[in-house]
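J.: Here you go, data_29.cif (mmCIF, C-alpha atoms):
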data_input
#
loop_
_atom_site.group_PDB
_atom_site.id
_atom_site.type_symbol
_atom_site.label_atom_id
_atom_site.label_comp_id
_atom_site.auth_asym_id
_atom_site.auth_seq_id
_atom_site.Cartn_x
_atom_site.Cartn_y
_atom_site.Cartn_z
ATOM 1 C CA MET A 254 -4.950 21.934 1.348
ATOM 2 C CA LYS A 255 -8.235 20.245 2.264
ATOM 3 C CA ILE A 256 -7.892 16.959 4.140
ATOM 4 C CA ILE A 257 -10.980 14.761 4.610
ATOM 5 C CA GLU A 258 -10.781 13.020 7.975
ATOM 6 C CA SER A 259 -12.652 9.763 8.418
ATOM 7 C CA ASN A 260 -14.654 8.992 11.554
ATOM 8 C CA ILE A 261 -12.609 5.805 12.079
ATOM 9 C CA GLU A 262 -10.783 6.381 15.331
ATOM 10 C CA LYS A 263 -7.763 4.164 14.712
ATOM 11 C CA LEU A 264 -6.710 2.386 11.524
ATOM 12 C CA ARG A 265 -3.228 1.936 10.077
ATOM 13 C CA ASP A 266 -2.301 1.184 6.464
ATOM 14 C CA PRO A 267 -5.687 2.104 4.929
ATOM 15 C CA PHE A 268 -6.529 0.726 1.487
ATOM 16 C CA VAL A 269 -9.702 1.779 -0.360
ATOM 17 C CA LEU A 270 -11.701 -0.307 -2.829
ATOM 18 C CA ALA A 271 -14.513 1.552 -4.637
ATOM 19 C CA LYS A 272 -17.049 -0.945 -5.983
ATOM 20 C CA ASN A 273 -20.709 -0.702 -7.095
ATOM 21 C CA GLY A 274 -21.409 2.549 -5.247
ATOM 22 C CA THR A 275 -19.764 1.423 -2.008
ATOM 23 C CA TYR A 276 -16.371 2.370 -0.603
ATOM 24 C CA TYR A 277 -14.600 -0.359 1.352
ATOM 25 C CA ILE A 278 -11.582 0.468 3.477
ATOM 26 C CA TYR A 279 -9.243 -2.196 4.838
ATOM 27 C CA GLY A 280 -6.568 -1.793 7.478
ATOM 28 C CA SER A 281 -4.168 -3.560 9.782
ATOM 29 C CA GLU A 282 -5.694 -5.965 12.290
ATOM 30 C CA TRP A 283 -7.640 -7.317 9.279
ATOM 31 C CA VAL A 284 -10.654 -5.085 9.599
ATOM 32 C CA CYS A 285 -12.999 -3.624 7.009
ATOM 33 C CA TYR A 286 -15.286 -0.593 7.040
ATOM 34 C CA LYS A 287 -17.695 0.556 4.341
ATOM 35 C CA SER A 288 -19.456 3.725 3.250
ATOM 36 C CA LEU A 289 -22.126 4.519 0.684
ATOM 37 C CA GLY A 290 -20.322 7.262 -1.200
ATOM 38 C CA ASP A 291 -19.120 9.325 1.766
ATOM 39 C CA LEU A 292 -15.429 9.394 2.642
ATOM 40 C CA GLU A 293 -16.020 10.820 6.107
ATOM 41 C CA HIS A 294 -18.566 8.447 7.647
ATOM 42 C CA TRP A 295 -17.839 4.715 7.803
ATOM 43 C CA THR A 296 -19.392 1.693 9.512
ATOM 44 C CA LYS A 297 -17.554 -1.501 10.417
ATOM 45 C CA CYS A 298 -18.340 -4.590 8.355
ATOM 46 C CA GLU A 299 -20.040 -7.291 10.407
ATOM 47 C CA ASN A 300 -18.385 -10.419 9.005
ATOM 48 C CA GLU A 301 -15.015 -11.782 10.068
ATOM 49 C CA LEU A 302 -12.777 -10.594 7.264
ATOM 50 C CA VAL A 303 -10.165 -13.375 7.251
ATOM 51 C CA VAL A 304 -9.982 -17.102 7.917
ATOM 52 C CA ILE A 305 -6.850 -17.285 10.075
ATOM 53 C CA PRO A 306 -4.045 -19.089 8.166
ATOM 54 C CA LYS A 307 -2.637 -22.277 9.660
ATOM 55 C CA GLU A 308 0.853 -20.768 10.077
ATOM 56 C CA PHE A 309 -0.358 -17.458 11.557
ATOM 57 C CA ASP A 310 1.687 -16.364 14.571
ATOM 58 C CA GLY A 311 0.656 -12.727 14.952
ATOM 59 C CA ASP A 312 0.557 -9.306 13.236
ATOM 60 C CA LYS A 313 -2.314 -8.730 10.790
ATOM 61 C CA TRP A 314 -0.770 -6.038 8.617
ATOM 62 C CA ALA A 315 -1.600 -3.919 5.577
ATOM 63 C CA PRO A 316 -4.430 -5.753 3.761
ATOM 64 C CA GLU A 317 -5.093 -4.635 0.184
ATOM 65 C CA VAL A 318 -8.097 -5.978 -1.757
ATOM 66 C CA TYR A 319 -8.382 -6.168 -5.556
ATOM 67 C CA GLY A 320 -10.990 -7.475 -7.939
ATOM 68 C CA TYR A 321 -9.409 -9.995 -10.340
ATOM 69 C CA LYS A 322 -10.977 -12.569 -12.668
ATOM 70 C CA GLY A 323 -14.381 -12.556 -11.001
ATOM 71 C CA ALA A 324 -13.196 -12.786 -7.389
ATOM 72 C CA TYR A 325 -11.511 -10.641 -4.734
ATOM 73 C CA TYR A 326 -7.925 -11.100 -3.614
ATOM 74 C CA MET A 327 -6.294 -9.790 -0.467
ATOM 75 C CA PHE A 328 -2.565 -9.108 -0.352
ATOM 76 C CA THR A 329 -1.493 -8.944 3.283
ATOM 77 C CA THR A 330 1.239 -9.662 5.855
ATOM 78 C CA TYR A 331 1.555 -11.791 8.972
ATOM 79 C CA ARG A 332 4.259 -13.418 11.082
ATOM 80 C CA SER A 333 4.742 -17.138 10.473
ATOM 81 C CA SER A 334 4.951 -19.801 13.181
ATOM 82 C CA LYS A 335 7.051 -21.839 10.742
ATOM 83 C CA THR A 336 9.743 -19.288 9.811
ATOM 84 C CA LYS A 337 9.342 -16.836 12.733
ATOM 85 C CA ARG A 338 9.487 -14.063 10.113
ATOM 86 C CA HIS A 339 7.035 -11.647 8.568
ATOM 87 C CA GLY A 340 5.982 -12.461 5.031
ATOM 88 C CA CYS A 341 3.374 -11.622 2.418
ATOM 89 C CA THR A 342 0.466 -13.837 1.481
ATOM 90 C CA ILE A 343 -2.524 -13.787 -0.866
ATOM 91 C CA MET A 344 -6.098 -14.677 0.112
ATOM 92 C CA LYS A 345 -9.289 -15.067 -1.921
ATOM 93 C CA SER A 346 -12.995 -14.391 -1.397
ATOM 94 C CA ASN A 347 -16.155 -14.105 -3.464
ATOM 95 C CA SER A 348 -17.086 -10.902 -1.625
ATOM 96 C CA PRO A 349 -15.184 -7.694 -0.804
ATOM 97 C CA GLU A 350 -16.366 -8.243 2.792
ATOM 98 C CA GLY A 351 -14.802 -11.707 2.979
ATOM 99 C CA PRO A 352 -14.161 -14.113 4.438
ATOM 100 C CA PHE A 353 -10.752 -14.282 2.730
ATOM 101 C CA THR A 354 -8.959 -17.646 2.719
ATOM 102 C CA GLU A 355 -5.247 -18.086 2.064
ATOM 103 C CA ILE A 356 -4.411 -19.596 -1.343
ATOM 104 C CA THR A 357 -0.585 -19.450 -1.227
ATOM 105 C CA ASN A 358 0.121 -22.241 1.291
ATOM 106 C CA GLY A 359 1.845 -19.882 3.700
ATOM 107 C CA HIS A 360 4.035 -16.941 2.817
ATOM 108 C CA ILE A 361 4.635 -16.388 -0.885
ATOM 109 C CA THR A 362 7.755 -14.275 -0.247
ATOM 110 C CA PRO A 363 11.207 -15.807 0.457
ATOM 111 C CA ALA A 364 11.283 -17.747 3.721
ATOM 112 C CA ASP A 365 14.661 -16.337 4.782
ATOM 113 C CA TRP A 366 13.603 -12.692 4.297
ATOM 114 C CA ASP A 367 11.381 -10.502 6.447
ATOM 115 C CA CYS A 368 8.834 -9.129 3.957
ATOM 116 C CA ILE A 369 5.802 -6.871 4.365
ATOM 117 C CA ASP A 370 3.285 -4.745 2.452
ATOM 118 C CA GLY A 371 2.728 -6.763 -0.722
ATOM 119 C CA THR A 372 0.834 -4.920 -3.460
ATOM 120 C CA PHE A 373 -0.629 -5.966 -6.828
ATOM 121 C CA TYR A 374 0.116 -4.838 -10.381
ATOM 122 C CA ILE A 375 -0.787 -6.212 -13.828
ATOM 123 C CA ASP A 376 1.566 -5.101 -16.577
ATOM 124 C CA GLU A 377 0.894 -4.327 -20.248
ATOM 125 C CA SER A 378 1.314 -8.025 -21.133
ATOM 126 C CA ASN A 379 -1.315 -9.023 -18.525
ATOM 127 C CA GLN A 380 1.419 -10.476 -16.340
ATOM 128 C CA PRO A 381 0.499 -10.168 -12.630
ATOM 129 C CA TRP A 382 3.210 -9.023 -10.202
ATOM 130 C CA MET A 383 3.630 -8.654 -6.483
ATOM 131 C CA VAL A 384 5.708 -5.665 -5.386
ATOM 132 C CA PHE A 385 6.752 -5.930 -1.756
ATOM 133 C CA VAL A 386 9.102 -4.729 0.956
ATOM 134 C CA HIS A 387 12.290 -6.626 1.779
ATOM 135 C CA GLU A 388 12.669 -5.305 5.296
ATOM 136 C CA TRP A 389 15.875 -3.815 6.607
ATOM 137 C CA ILE A 390 15.843 -6.472 9.344
ATOM 138 C CA THR A 391 17.129 -9.172 6.987
ATOM 139 C CA ALA A 392 18.915 -6.954 4.456
ATOM 140 C CA ASP A 393 22.674 -7.599 4.405
ATOM 141 C CA ASP A 394 23.503 -3.995 5.339
ATOM 142 C CA GLY A 395 20.450 -3.045 7.402
ATOM 143 C CA VAL A 396 18.855 -0.915 4.662
ATOM 144 C CA GLY A 397 15.371 -1.764 3.413
ATOM 145 C CA ARG A 398 14.725 -2.632 -0.207
ATOM 146 C CA MET A 399 11.742 -2.650 -2.535
ATOM 147 C CA ALA A 400 11.380 -5.907 -4.471
ATOM 148 C CA ALA A 401 9.081 -7.515 -7.040
ATOM 149 C CA ALA A 402 8.311 -10.929 -8.524
ATOM 150 C CA LYS A 403 5.997 -12.280 -11.214
ATOM 151 C CA LEU A 404 2.911 -14.151 -10.039
ATOM 152 C CA SER A 405 1.184 -17.181 -11.497
ATOM 153 C CA ASP A 406 -2.073 -16.466 -13.291
ATOM 154 C CA ASP A 407 -4.056 -17.830 -10.323
ATOM 155 C CA LEU A 408 -1.950 -15.763 -7.870
ATOM 156 C CA THR A 409 -0.929 -18.798 -5.811
ATOM 157 C CA HIS A 410 2.868 -18.644 -6.281
ATOM 158 C CA PHE A 411 5.788 -16.730 -7.780
ATOM 159 C CA VAL A 412 6.903 -17.706 -11.277
ATOM 160 C CA SER A 413 10.133 -15.682 -11.141
ATOM 161 C CA GLU A 414 12.819 -14.938 -8.606
ATOM 162 C CA PRO A 415 12.411 -11.592 -6.799
ATOM 163 C CA ILE A 416 14.300 -8.629 -8.225
ATOM 164 C CA GLU A 417 15.482 -5.573 -6.314
ATOM 165 C CA LEU A 418 13.960 -2.262 -7.451
ATOM 166 C CA PHE A 419 15.563 0.304 -5.152
ATOM 167 C CA ARG A 420 16.891 0.986 -1.650
ATOM 168 C CA ALA A 421 15.523 3.085 1.198
ATOM 169 C CA ASP A 422 18.592 5.316 1.161
ATOM 170 C CA ASP A 423 18.380 6.141 -2.571
ATOM 171 C CA PRO A 424 16.480 9.463 -2.129
ATOM 172 C CA SER A 425 18.422 12.578 -1.132
ATOM 173 C CA TRP A 426 15.730 13.485 1.413
ATOM 174 C CA ALA A 427 15.655 10.099 3.234
ATOM 175 C CA THR A 428 16.585 10.036 6.917
ATOM 176 C CA GLY A 429 15.346 6.467 7.544
ATOM 177 C CA VAL A 430 16.246 2.993 6.283
ATOM 178 C CA ILE A 431 12.731 1.621 5.786
ATOM 179 C CA THR A 432 10.732 0.888 2.650
ATOM 180 C CA ASP A 433 7.030 0.844 3.527
ATOM 181 C CA GLY A 434 3.637 0.910 1.873
ATOM 182 C CA CYS A 435 4.370 0.370 -1.833
ATOM 183 C CA PHE A 436 1.564 1.137 -4.305
ATOM 184 C CA ILE A 437 1.873 1.093 -8.111
ATOM 185 C CA TYR A 438 0.193 3.818 -10.154
ATOM 186 C CA LYS A 439 0.060 4.209 -13.948
ATOM 187 C CA THR A 440 -0.438 7.775 -15.191
ATOM 188 C CA GLU A 441 -2.503 8.772 -18.191
ATOM 189 C CA ASP A 442 0.682 9.257 -20.224
ATOM 190 C CA ASN A 443 1.878 5.733 -19.271
ATOM 191 C CA GLN A 444 4.461 6.661 -16.674
ATOM 192 C CA LEU A 445 4.821 3.988 -14.019
ATOM 193 C CA LEU A 446 5.055 5.408 -10.508
ATOM 194 C CA MET A 447 5.370 3.857 -7.100
ATOM 195 C CA LEU A 448 4.121 5.514 -3.937
ATOM 196 C CA TRP A 449 6.096 4.383 -0.896
ATOM 197 C CA SER A 450 6.952 5.561 2.608
ATOM 198 C CA ASN A 451 10.116 6.298 4.567
ATOM 199 C CA PHE A 452 11.139 9.113 6.913
ATOM 200 C CA ASP A 453 12.309 12.599 6.002
ATOM 201 C CA LYS A 454 13.390 15.330 8.425
ATOM 202 C CA ASN A 455 9.727 15.988 9.301
ATOM 203 C CA GLY A 456 8.708 12.391 10.024
ATOM 204 C CA TYR A 457 6.855 9.660 8.148
ATOM 205 C CA CYS A 458 6.071 10.620 4.554
ATOM 206 C CA VAL A 459 4.872 9.433 1.144
ATOM 207 C CA ALA A 460 7.376 9.498 -1.701
ATOM 208 C CA ILE A 461 7.238 8.914 -5.455
ATOM 209 C CA ALA A 462 9.581 6.642 -7.404
ATOM 210 C CA ARG A 463 9.472 6.510 -11.206
ATOM 211 C CA SER A 464 10.399 3.721 -13.640
ATOM 212 C CA ASP A 465 12.492 4.916 -16.593
ATOM 213 C CA ASN A 466 10.748 2.666 -19.131
ATOM 214 C CA GLY A 467 7.268 2.284 -17.650
ATOM 215 C CA LYS A 468 7.948 -1.286 -16.526
ATOM 216 C CA ILE A 469 8.350 -2.906 -13.115
ATOM 217 C CA ASP A 470 11.838 -4.136 -13.994
ATOM 218 C CA GLY A 471 12.975 -0.740 -15.280
ATOM 219 C CA LYS A 472 15.425 1.565 -13.548
ATOM 220 C CA TRP A 473 13.701 3.380 -10.690
ATOM 221 C CA SER A 474 14.561 6.966 -9.736
ATOM 222 C CA GLN A 475 13.320 9.001 -6.781
ATOM 223 C CA GLU A 476 11.477 12.312 -6.934
ATOM 224 C CA ASP A 477 13.402 15.056 -5.139
ATOM 225 C CA LYS A 478 10.222 16.257 -3.436
ATOM 226 C CA VAL A 479 7.993 13.929 -1.422
ATOM 227 C CA LEU A 480 4.283 13.702 -2.177
ATOM 228 C CA PHE A 481 3.143 14.124 1.440
ATOM 229 C CA SER A 482 4.900 15.041 4.661
ATOM 230 C CA LYS A 483 4.286 17.103 7.772
ATOM 231 C CA SER A 484 5.889 20.070 6.021
ATOM 232 C CA GLY A 485 2.962 20.082 3.584
ATOM 233 C CA SER A 486 0.113 19.358 5.983
ATOM 234 C CA GLU A 487 1.546 21.665 8.658
ATOM 235 C CA LYS A 488 -0.085 19.477 11.292
ATOM 236 C CA TYR A 489 0.676 15.754 11.224
ATOM 237 C CA ASP A 490 2.976 13.400 9.392
ATOM 238 C CA GLY A 491 1.510 10.387 7.601
ATOM 239 C CA GLY A 492 2.178 7.605 5.176
ATOM 240 C CA HIS A 493 1.390 4.220 3.638
ATOM 241 C CA GLY A 494 -0.326 5.913 0.716
ATOM 242 C CA MET A 495 -2.466 4.666 -2.149
ATOM 243 C CA ILE A 496 -4.538 6.342 -4.868
ATOM 244 C CA PHE A 497 -8.160 5.571 -5.721
ATOM 245 C CA CYS A 498 -10.814 7.100 -7.962
ATOM 246 C CA GLY A 499 -13.857 8.369 -6.089
ATOM 247 C CA PHE A 500 -17.419 8.102 -7.283
ATOM 248 C CA ASP A 501 -17.254 11.862 -7.890
ATOM 249 C CA GLY A 502 -14.643 11.259 -10.598
ATOM 250 C CA LYS A 503 -11.814 12.720 -8.503
ATOM 251 C CA LYS A 504 -8.653 10.885 -7.537
ATOM 252 C CA TYR A 505 -7.721 10.737 -3.870
ATOM 253 C CA LEU A 506 -4.605 9.960 -1.887
ATOM 254 C CA SER A 507 -5.370 7.775 1.139
ATOM 255 C CA ILE A 508 -2.929 7.667 4.081
ATOM 256 C CA HIS A 509 -2.935 7.097 7.818
ATOM 257 C CA SER A 510 -2.032 10.209 9.779
ATOM 258 C CA PRO A 511 -0.240 10.686 12.109
ATOM 259 C CA ASN A 512 2.138 7.721 12.081
ATOM 260 C CA VAL A 513 2.062 7.417 15.880
ATOM 261 C CA PRO A 514 -0.524 8.906 18.259
ATOM 262 C CA VAL A 515 -0.199 12.625 19.023
ATOM 263 C CA GLY A 516 -1.956 13.504 22.266
ATOM 264 C CA THR A 517 -5.466 12.071 21.967
ATOM 265 C CA ARG A 518 -5.214 11.801 18.174
ATOM 266 C CA SER A 519 -4.678 8.226 16.956
ATOM 267 C CA GLU A 520 -3.618 7.069 13.506
ATOM 268 C CA LYS A 521 -6.657 7.416 11.278
ATOM 269 C CA PRO A 522 -7.433 7.310 7.551
ATOM 270 C CA VAL A 523 -7.438 10.670 5.819
ATOM 271 C CA PHE A 524 -8.031 11.516 2.161
ATOM 272 C CA ILE A 525 -6.553 14.259 0.003
ATOM 273 C CA GLU A 526 -8.006 15.246 -3.376
ATOM 274 C CA LEU A 527 -4.933 14.947 -5.568
ATOM 275 C CA GLN A 528 -5.557 17.461 -8.320
ATOM 276 C CA GLU A 529 -6.362 20.221 -5.838
ATOM 277 C CA TYR A 530 -3.272 19.272 -3.851
ATOM 278 C CA TYR A 531 -1.012 19.402 -6.874
ATOM 279 C CA ASP A 532 -2.489 22.650 -8.221
ATOM 280 C CA SER A 533 -2.018 24.387 -4.878
ATOM 281 C CA ASP A 534 1.418 22.968 -4.166
ATOM 282 C CA MET A 535 2.978 23.725 -7.572
ATOM 283 C CA ARG A 536 4.611 20.333 -7.948
ATOM 284 C CA LYS A 537 7.658 20.185 -10.202
ATOM 285 C CA LYS A 538 6.358 17.145 -12.060
ATOM 286 C CA SER A 539 2.649 16.547 -12.513
ATOM 287 C CA LEU A 540 1.149 13.130 -12.037
ATOM 288 C CA LYS A 541 -0.886 13.893 -15.185
ATOM 289 C CA LEU A 542 -3.947 12.338 -13.638
#
Would you write the structure of this file as structure tokens?
T.:
Amino acid sequence: MKIIESNIEKLRDPFVLAKNGTYYIYGSEWVCYKSLGDLEHWTKCENELVVIPKEFDGDKWAPEVYGYKGAYYMFTTYRSSKTKRHGCTIMKSNSPEGPFTEITNGHITPADWDCIDGTFYIDESNQPWMVFVHEWITADDGVGRMAAAKLSDDLTHFVSEPIELFRADDPSWATGVITDGCFIYKTEDNQLLMLWSNFDKNGYCVAIARSDNGKIDGKWSQEDKVLFSKSGSEKYDGGHGMIFCGFDGKKYLSIHSPNVPVGTRSEKPVFIELQEYYDSDMRKKSLKL
């Protein structure tokens, strides 16, 4: 399996936006790097990426940037000075390099939950959704959940109550109680998948959940085999995955690897060409990319 390692020395929760011949990669601490068509060599963007929200009290986690209705929207996480909890927010900019300004008047997720890692999905009826993590910290039994809620058309607030999609302990392989790094992916044959991270016996990993009816509010089941773990790379664990289409027409899995520093190796973005990975690994169920 070929893994492309970026030259970024340390970056957690990488998210890639490919736009107009330029790759942008965003990561925790609210930083952005860009590259002109090369997934190995990146340079840091010069502008300040985010206008600090008024209720910010620490932790600049997992920014994801999407083009939507002529602007760019960042889904990200911070700790609130008002609630003393982590929550998800949405910010807006006219440029993929920012600055992004909060449009949700603080956290959009429930104030009495700890929530992280919000991601964006638009369903077949053009209804926007946020899928996000309800952390184990405020779950009634200490097990993390994955949740979702409908968004207003301008992405400023929820227009439905959150629903629970699945639990961290649903998979047979799970050894942890966390639900991290959700990312929604629609296959060519209209299957709705979610990439997400937890721990298996080899460490941090990327798993696949599947909706039974191709909808966010369907019944979600877990693949028996994880998409990425240390057992497959034979070197490092890794997680917080997402899929993007490269300018070469190939689809790539982006993760940070390892999950914690190993010797002098820090967490850095790496990229795996998915079709080659699947062909070589003889996956039971194809993503049908």
J.: Near Gln475 (chain A), within 8 Å and counting all atoms listed in the file, which residues show up once chain neighbours fewer than 4 positions away are dropped, as a PyMOL selection string?
T.: chain A and resi 423-424+460-463
J.: How close does region 435-541 of chain A get to region 278-299 of chain A? List, as a tab-separated table, each residue of region 435-541 of chain A within 9 Å, its nearest atom pair and the distance in Å to one decimal, counting all atoms listed in the file.
T.:
residue	atom	partner	partner_atom	distance
A:Gly499	CA	A:Gly290	CA	8.2
A:Phe500	CA	A:Gly290	CA	6.8
A:Asp501	CA	A:Gly290	CA	8.7
A:Pro522	CA	A:Ile278	CA	9.0
A:Val523	CA	A:Glu293	CA	8.6
A:Phe524	CA	A:Leu292	CA	7.7
J.: Compile the contact shell of Glu388 (chain A) as a ChimeraX atom specification: residues with an atom at most 6 Å away, counting all atoms listed in the file, same-chain residues fewer than 5 positions apart removed.
T.: /A:367-368,397
J.: Selection from above, C-alpha atoms, as a short mmCIF file (atom, residue, chain, number, x, y, z; two decimals), in the coordinates of the input, can you write it?
T.:
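Listed below is the output, out35.cif:
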data_model
loop_
_atom_site.label_atom_id
_atom_site.label_comp_id
_atom_site.auth_asym_id
_atom_site.auth_seq_id
_atom_site.Cartn_x
_atom_site.Cartn_y
_atom_site.Cartn_z
CA ASP A 367 11.38 -10.50 6.45
CA CYS A 368 8.83 -9.13 3.96
CA GLY A 397 15.37 -1.76 3.41
#
J.: Translate the PyMOL selection byres ((chain A and resi 417) around 8), as applied to the file shown, into an explicit residue set as a ChimeraX atom specification.
T.: /A:398-401,415-416,418-419
J.: Name the residues in contact with Phe452 (chain A) at a cut-off of 6 Å, using all atoms listed in the file, excluding same-chain residues fewer than 4 positions from it; report them as a list in words.
T.: Ala427, Thr428, Gly429, Gly456, Tyr457 and Cys458 of chain A
J.: What does the distance between CA of Glu262 (chain A) and CA of His509 (chain A) come to in Å, to one decimal place?
T.: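 We find that CA of Glu262 (chain A) and CA of His509 (chain A) lie 10.9 Å from each other.
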